Structure formats: structure tokens, C-alpha cells
Amino acid sequence: MQLNDLRPAEGSRKNRKRIGRGNSSGHGTTAGRGTKGQLSRSGGGKGKGFEGGQQPLAMRLPKLPGFKNHNRVEYAPVNVARLEALFADGETVDADTLVAKGVIKHNYVPVKVLGDGEITKKLTVKVDKVSASAQAKIEAAGGKVEQAC
């Protein structure tokens, strides 16, 4: 037996129904759609989500929930533990140095230093915002905070 001798089992495969290919095919003229009516027309039938003329669910629900403040400023968060790990004693922390060390992607993104972790190094922090706990930890370690804004 060769690969080219292989055939599917008798009766396991059916020919597809070729619609609208002449009356001798058995599916000509109306092509199995019946005579007249919405479903006999091309493009006929009801759309997805049609509820018999009732207002569809998608239109009954509100478009967007809640309120979105278009003036909201998204800050890139940086914790003091990260500053401790990446910066040496006496260094200045600003957007450019954070980009250089790979902490943030771009220097035009506003940065906020958060107080998670501990810090022992004396750092000068010049960023857009600093949380109260982060500021207390930086100043306790002998560093200083200079906010840009």
C-alpha cells in the first residue's frame, strides 16, 4: 500500500451543497431560501442583537461608567528602596539620572518618589512630587528634597 492509495472510508465524506448553480442541481432558482420574505433577500434577516423591535440591551446600558478626569496627571512611581539600591551616597536623583539607570523610560514623564523601603544614603532628590513618608526618610538619612514644581 502506498500513500497515493489511501482513500477515506466509503460514505464518510459528503459533497458540499452547491447552491444557486442551476435547477438540475436541485438547489437552483430560489437556492433553498424559499419564495419571498425577509430571509429570501440578499442581506436579509435581522442583525446581531436584534430584539424584535425592543430597545436592544447594548443601547439600554450606559456608554461609559463613572467620570474620567481629563486633567489627571499620571506619575511614574519610584520607591526609596529603589533609590537606595541604584544610587551612590551624595548623588542627585532627577528625571535624567532615573532614565540613565533604567528606572523610567522617558525624562518628560512626571516622577513621584514613594516611601516604600528604607534609605541610608544622602541623596539630593529633584523630582516632581515626593510623598510625605518618602520625604521624612530621605531627610532622616541626611539627604534633601527639592521639588521641581
# chains A, B, ... in the order shown; residues from 1 in each chain; ligands from 1
>>> residues_around(residues="segment 93-106 of chain A", least_positions_apart="6", cutoff="8 Å", atoms="only C-alpha atoms", output="NGL selection string")
:A and (76 or 78 or 86-87 or 123-127)
>>> write_last_selection(atoms="all heavy atoms", output="mmCIF file, in the first residue's frame")
data_model
loop_
_atom_site.group_PDB
_atom_site.id
_atom_site.type_symbol
_atom_site.label_atom_id
_atom_site.label_comp_id
_atom_site.auth_asym_id
_atom_site.auth_seq_id
_atom_site.Cartn_x
_atom_site.Cartn_y
_atom_site.Cartn_z
ATOM 1 N N ALA A 76 5.101 58.569 37.337
ATOM 2 C CA ALA A 76 5.861 57.320 37.353
ATOM 3 C C ALA A 76 6.322 57.104 38.795
ATOM 4 O O ALA A 76 7.069 57.922 39.334
ATOM 5 C CB ALA A 76 7.055 57.410 36.421
ATOM 6 N N VAL A 78 8.402 55.798 41.972
ATOM 7 C CA VAL A 78 9.731 55.263 42.295
ATOM 8 C C VAL A 78 9.819 55.217 43.816
ATOM 9 O O VAL A 78 9.616 56.230 44.487
ATOM 10 C CB VAL A 78 10.859 56.166 41.731
ATOM 11 C CG1 VAL A 78 12.215 55.582 42.090
ATOM 12 C CG2 VAL A 78 10.734 56.325 40.233
ATOM 13 N N LEU A 86 20.111 51.795 43.674
ATOM 14 C CA LEU A 86 20.716 52.246 42.424
ATOM 15 C C LEU A 86 21.683 53.432 42.550
ATOM 16 O O LEU A 86 22.555 53.591 41.706
ATOM 17 C CB LEU A 86 19.620 52.629 41.423
ATOM 18 C CG LEU A 86 18.762 51.474 40.911
ATOM 19 C CD1 LEU A 86 17.622 52.003 40.075
ATOM 20 C CD2 LEU A 86 19.604 50.522 40.076
ATOM 21 N N PHE A 87 21.512 54.260 43.556
ATOM 22 C CA PHE A 87 22.304 55.485 43.644
ATOM 23 C C PHE A 87 23.353 55.398 44.749
ATOM 24 O O PHE A 87 23.126 54.786 45.793
ATOM 25 C CB PHE A 87 21.388 56.694 43.886
ATOM 26 C CG PHE A 87 20.565 57.053 42.684
ATOM 27 C CD1 PHE A 87 19.316 56.495 42.482
ATOM 28 C CD2 PHE A 87 21.043 57.960 41.742
ATOM 29 C CE1 PHE A 87 18.558 56.815 41.369
ATOM 30 C CE2 PHE A 87 20.282 58.298 40.629
ATOM 31 C CZ PHE A 87 19.053 57.724 40.442
ATOM 32 N N LEU A 123 21.020 61.564 49.639
ATOM 33 C CA LEU A 123 20.700 61.858 48.244
ATOM 34 C C LEU A 123 20.004 63.205 48.131
ATOM 35 O O LEU A 123 19.257 63.618 49.024
ATOM 36 C CB LEU A 123 19.776 60.777 47.663
ATOM 37 C CG LEU A 123 20.300 59.353 47.620
ATOM 38 C CD1 LEU A 123 19.206 58.413 47.148
ATOM 39 C CD2 LEU A 123 21.503 59.242 46.705
ATOM 40 N N THR A 124 20.259 63.891 47.016
ATOM 41 C CA THR A 124 19.517 65.107 46.690
ATOM 42 C C THR A 124 18.471 64.713 45.661
ATOM 43 O O THR A 124 18.811 64.297 44.546
ATOM 44 C CB THR A 124 20.449 66.185 46.112
ATOM 45 O OG1 THR A 124 21.505 66.406 47.041
ATOM 46 C CG2 THR A 124 19.699 67.463 45.853
ATOM 47 N N VAL A 125 17.216 64.850 46.031
ATOM 48 C CA VAL A 125 16.119 64.397 45.181
ATOM 49 C C VAL A 125 15.441 65.606 44.546
ATOM 50 O O VAL A 125 14.898 66.454 45.245
ATOM 51 C CB VAL A 125 15.099 63.560 45.992
ATOM 52 C CG1 VAL A 125 13.956 63.102 45.119
ATOM 53 C CG2 VAL A 125 15.788 62.370 46.634
ATOM 54 N N LYS A 126 15.490 65.662 43.202
ATOM 55 C CA LYS A 126 14.850 66.753 42.450
ATOM 56 C C LYS A 126 13.849 66.132 41.478
ATOM 57 O O LYS A 126 14.180 65.831 40.332
ATOM 58 C CB LYS A 126 15.886 67.547 41.654
ATOM 59 C CG LYS A 126 16.888 68.291 42.499
ATOM 60 C CD LYS A 126 17.865 69.025 41.607
ATOM 61 C CE LYS A 126 18.922 69.728 42.430
ATOM 62 N NZ LYS A 126 19.930 70.391 41.597
ATOM 63 N N VAL A 127 12.640 65.885 41.966
ATOM 64 C CA VAL A 127 11.596 65.288 41.130
ATOM 65 C C VAL A 127 10.316 66.105 41.263
ATOM 66 O O VAL A 127 10.275 67.087 42.007
ATOM 67 C CB VAL A 127 11.330 63.809 41.508
ATOM 68 C CG1 VAL A 127 12.507 62.929 41.168
ATOM 69 C CG2 VAL A 127 10.963 63.677 42.963
#
>>> residues_around(residues="segment 23-30 of chain A", least_positions_apart="5", cutoff="12 Å", atoms="only C-alpha atoms", output="list in words")
Arg16, Lys17, Arg18, Thr35, Lys36, Gly37, Leu39, Ser40, Arg41 and Ser42 of chain A
>>> write_last_selection(atoms="all heavy atoms", output="CSV table (one decimal), in the first residue's frame")
chain,number,residue,atom,x,y,z
A,16,ARG,N,-20.2,18.9,-0.8
A,16,ARG,CA,-20.9,20.1,-0.3
A,16,ARG,C,-22.1,20.5,-1.2
A,16,ARG,O,-22.1,20.2,-2.4
A,16,ARG,CB,-19.9,21.3,-0.1
A,16,ARG,CG,-19.5,21.9,-1.4
A,16,ARG,CD,-18.4,23.0,-1.1
A,16,ARG,NE,-17.9,23.6,-2.4
A,16,ARG,CZ,-18.5,24.7,-2.9
A,16,ARG,NH1,-19.5,25.2,-2.4
A,16,ARG,NH2,-18.0,25.2,-4.0
A,17,LYS,N,-23.0,21.2,-0.6
A,17,LYS,CA,-24.2,21.6,-1.3
A,17,LYS,C,-23.9,22.8,-2.1
A,17,LYS,O,-23.6,23.9,-1.5
A,17,LYS,CB,-25.3,21.9,-0.2
A,17,LYS,CG,-26.7,22.1,-0.9
A,17,LYS,CD,-27.6,22.8,0.1
A,17,LYS,CE,-28.2,21.8,1.2
A,17,LYS,NZ,-29.3,22.4,2.0
A,18,ARG,N,-23.9,22.7,-3.4
A,18,ARG,CA,-23.6,23.9,-4.3
A,18,ARG,C,-24.9,24.6,-4.6
A,18,ARG,O,-25.7,24.1,-5.4
A,18,ARG,CB,-22.9,23.4,-5.6
A,18,ARG,CG,-21.6,22.8,-5.3
A,18,ARG,CD,-20.8,22.5,-6.5
A,18,ARG,NE,-20.3,23.7,-7.2
A,18,ARG,CZ,-20.4,24.0,-8.5
A,18,ARG,NH1,-21.0,23.1,-9.3
A,18,ARG,NH2,-19.9,25.1,-8.9
A,35,THR,N,-39.7,31.1,-1.1
A,35,THR,CA,-40.1,32.2,-2.0
A,35,THR,C,-40.5,33.4,-1.2
A,35,THR,O,-41.3,33.3,-0.3
A,35,THR,CB,-41.4,31.7,-2.8
A,35,THR,OG1,-41.1,30.4,-3.3
A,35,THR,CG2,-41.7,32.6,-4.0
A,36,LYS,N,-40.0,34.5,-1.6
A,36,LYS,CA,-40.3,35.8,-1.0
A,36,LYS,C,-40.0,35.8,0.6
A,36,LYS,O,-39.7,34.8,1.2
A,36,LYS,CB,-41.7,36.2,-1.3
A,36,LYS,CG,-42.0,36.5,-2.7
A,36,LYS,CD,-43.2,37.3,-2.8
A,36,LYS,CE,-44.3,36.6,-3.6
A,36,LYS,NZ,-45.5,37.3,-3.7
A,37,GLY,N,-40.1,37.0,1.1
A,37,GLY,CA,-39.9,37.2,2.5
A,37,GLY,C,-38.5,37.7,2.9
A,37,GLY,O,-37.6,37.7,2.0
A,39,LEU,N,-36.0,36.6,4.7
A,39,LEU,CA,-34.8,35.7,4.6
A,39,LEU,C,-34.5,35.3,3.2
A,39,LEU,O,-33.4,34.7,3.0
A,39,LEU,CB,-35.1,34.5,5.5
A,39,LEU,CG,-35.2,34.8,7.0
A,39,LEU,CD1,-35.5,33.6,7.8
A,39,LEU,CD2,-33.9,35.5,7.5
A,40,SER,N,-35.4,35.5,2.2
A,40,SER,CA,-35.1,35.2,0.9
A,40,SER,C,-34.2,36.2,0.2
A,40,SER,O,-33.6,35.9,-0.9
A,40,SER,CB,-36.4,35.0,0.1
A,40,SER,OG,-37.0,36.2,-0.2
A,41,ARG,N,-34.2,37.4,0.7
A,41,ARG,CA,-33.4,38.5,0.1
A,41,ARG,C,-32.0,38.5,0.5
A,41,ARG,O,-31.6,38.0,1.6
A,41,ARG,CB,-34.0,39.9,0.5
A,41,ARG,CG,-35.5,40.0,0.6
A,41,ARG,CD,-36.1,40.0,-0.8
A,41,ARG,NE,-37.6,40.2,-0.7
A,41,ARG,CZ,-38.4,40.0,-1.6
A,41,ARG,NH1,-38.0,39.5,-2.8
A,41,ARG,NH2,-39.7,40.2,-1.5
A,42,SER,N,-31.1,39.0,-0.4
A,42,SER,CA,-29.7,39.2,0.0
A,42,SER,C,-29.6,40.2,1.0
A,42,SER,O,-30.2,41.3,0.9
A,42,SER,CB,-28.9,39.5,-1.3
A,42,SER,OG,-29.1,40.8,-1.6
>>> residues_around(residues="segment 138-145 of chain A", least_positions_apart="5", cutoff="12 Å", atoms="only C-alpha atoms", output="mmCIF file with C-alpha atoms, in the first residue's frame")
data_model
loop_
_atom_site.group_PDB
_atom_site.id
_atom_site.type_symbol
_atom_site.label_atom_id
_atom_site.label_comp_id
_atom_site.auth_asym_id
_atom_site.auth_seq_id
_atom_site.Cartn_x
_atom_site.Cartn_y
_atom_site.Cartn_z
ATOM 1 C CA ASN A 79 10.218 53.904 45.827
ATOM 2 C CA VAL A 80 13.055 54.958 48.152
ATOM 3 C CA ALA A 81 14.223 51.318 48.295
ATOM 4 C CA LEU A 83 16.911 54.775 45.060
ATOM 5 C CA GLU A 84 18.897 53.054 47.821
ATOM 6 C CA ALA A 88 25.569 56.098 45.487
ATOM 7 C CA ASP A 89 25.928 58.345 48.526
ATOM 8 C CA GLY A 90 25.796 62.055 47.623
ATOM 9 C CA GLU A 91 24.293 61.592 44.156
ATOM 10 C CA THR A 92 21.459 63.693 42.706
ATOM 11 C CA VAL A 93 18.224 61.972 41.750
ATOM 12 C CA ASP A 94 16.334 63.605 38.878
ATOM 13 C CA LYS A 112 6.824 60.753 42.255
ATOM 14 C CA VAL A 113 9.043 59.248 44.943
ATOM 15 C CA LEU A 114 7.136 56.985 47.340
ATOM 16 C CA GLY A 115 8.166 55.842 50.806
ATOM 17 C CA ASP A 116 8.262 52.049 50.450
ATOM 18 C CA GLY A 117 11.528 50.618 51.823
ATOM 19 C CA GLU A 118 14.432 52.119 53.736
ATOM 20 C CA ILE A 119 17.162 54.563 52.710
ATOM 21 C CA THR A 120 20.530 55.192 54.357
ATOM 22 C CA LYS A 121 22.327 57.222 51.664
ATOM 23 C CA LYS A 122 22.480 61.004 51.479
ATOM 24 C CA LEU A 123 20.700 61.858 48.244
ATOM 25 C CA THR A 124 19.517 65.107 46.690
ATOM 26 C CA VAL A 125 16.119 64.397 45.181
ATOM 27 C CA LYS A 126 14.850 66.753 42.450
ATOM 28 C CA VAL A 127 11.596 65.288 41.130
ATOM 29 C CA ASP A 128 8.026 66.454 40.508
ATOM 30 C CA LYS A 129 6.479 65.043 43.697
ATOM 31 C CA VAL A 130 7.572 63.280 46.884
ATOM 32 C CA SER A 131 5.251 61.605 49.361
ATOM 33 C CA ALA A 132 5.401 62.747 52.994
ATOM 34 C CA SER A 133 6.800 59.404 54.200
#
>>> atom_distance(atom1="atom CA of Pro110 of chain A", atom2="atom CA of Glu74 of chain A")
7.3 Å
>>> atom_distance(atom1="atom CA of Phe50 of chain A", atom2="atom CA of Ile19 of chain A")
27.3 Å
>>> select_by_dssp(residues="chain A", states="strand (DSSP E or B)", output="list in words")
Glu51, Gln54, Ala76, Pro77, Val78, Asn79, Thr92, Val93, Val111, Lys112, Val113, Leu114, Thr124, Val125, Lys129, Val130, Lys144 and Val145 of chain A
>>> atom_distance(atom1="atom CA of Asn15 of chain A", atom2="atom CA of Gln2 of chain A")
25.0 Å
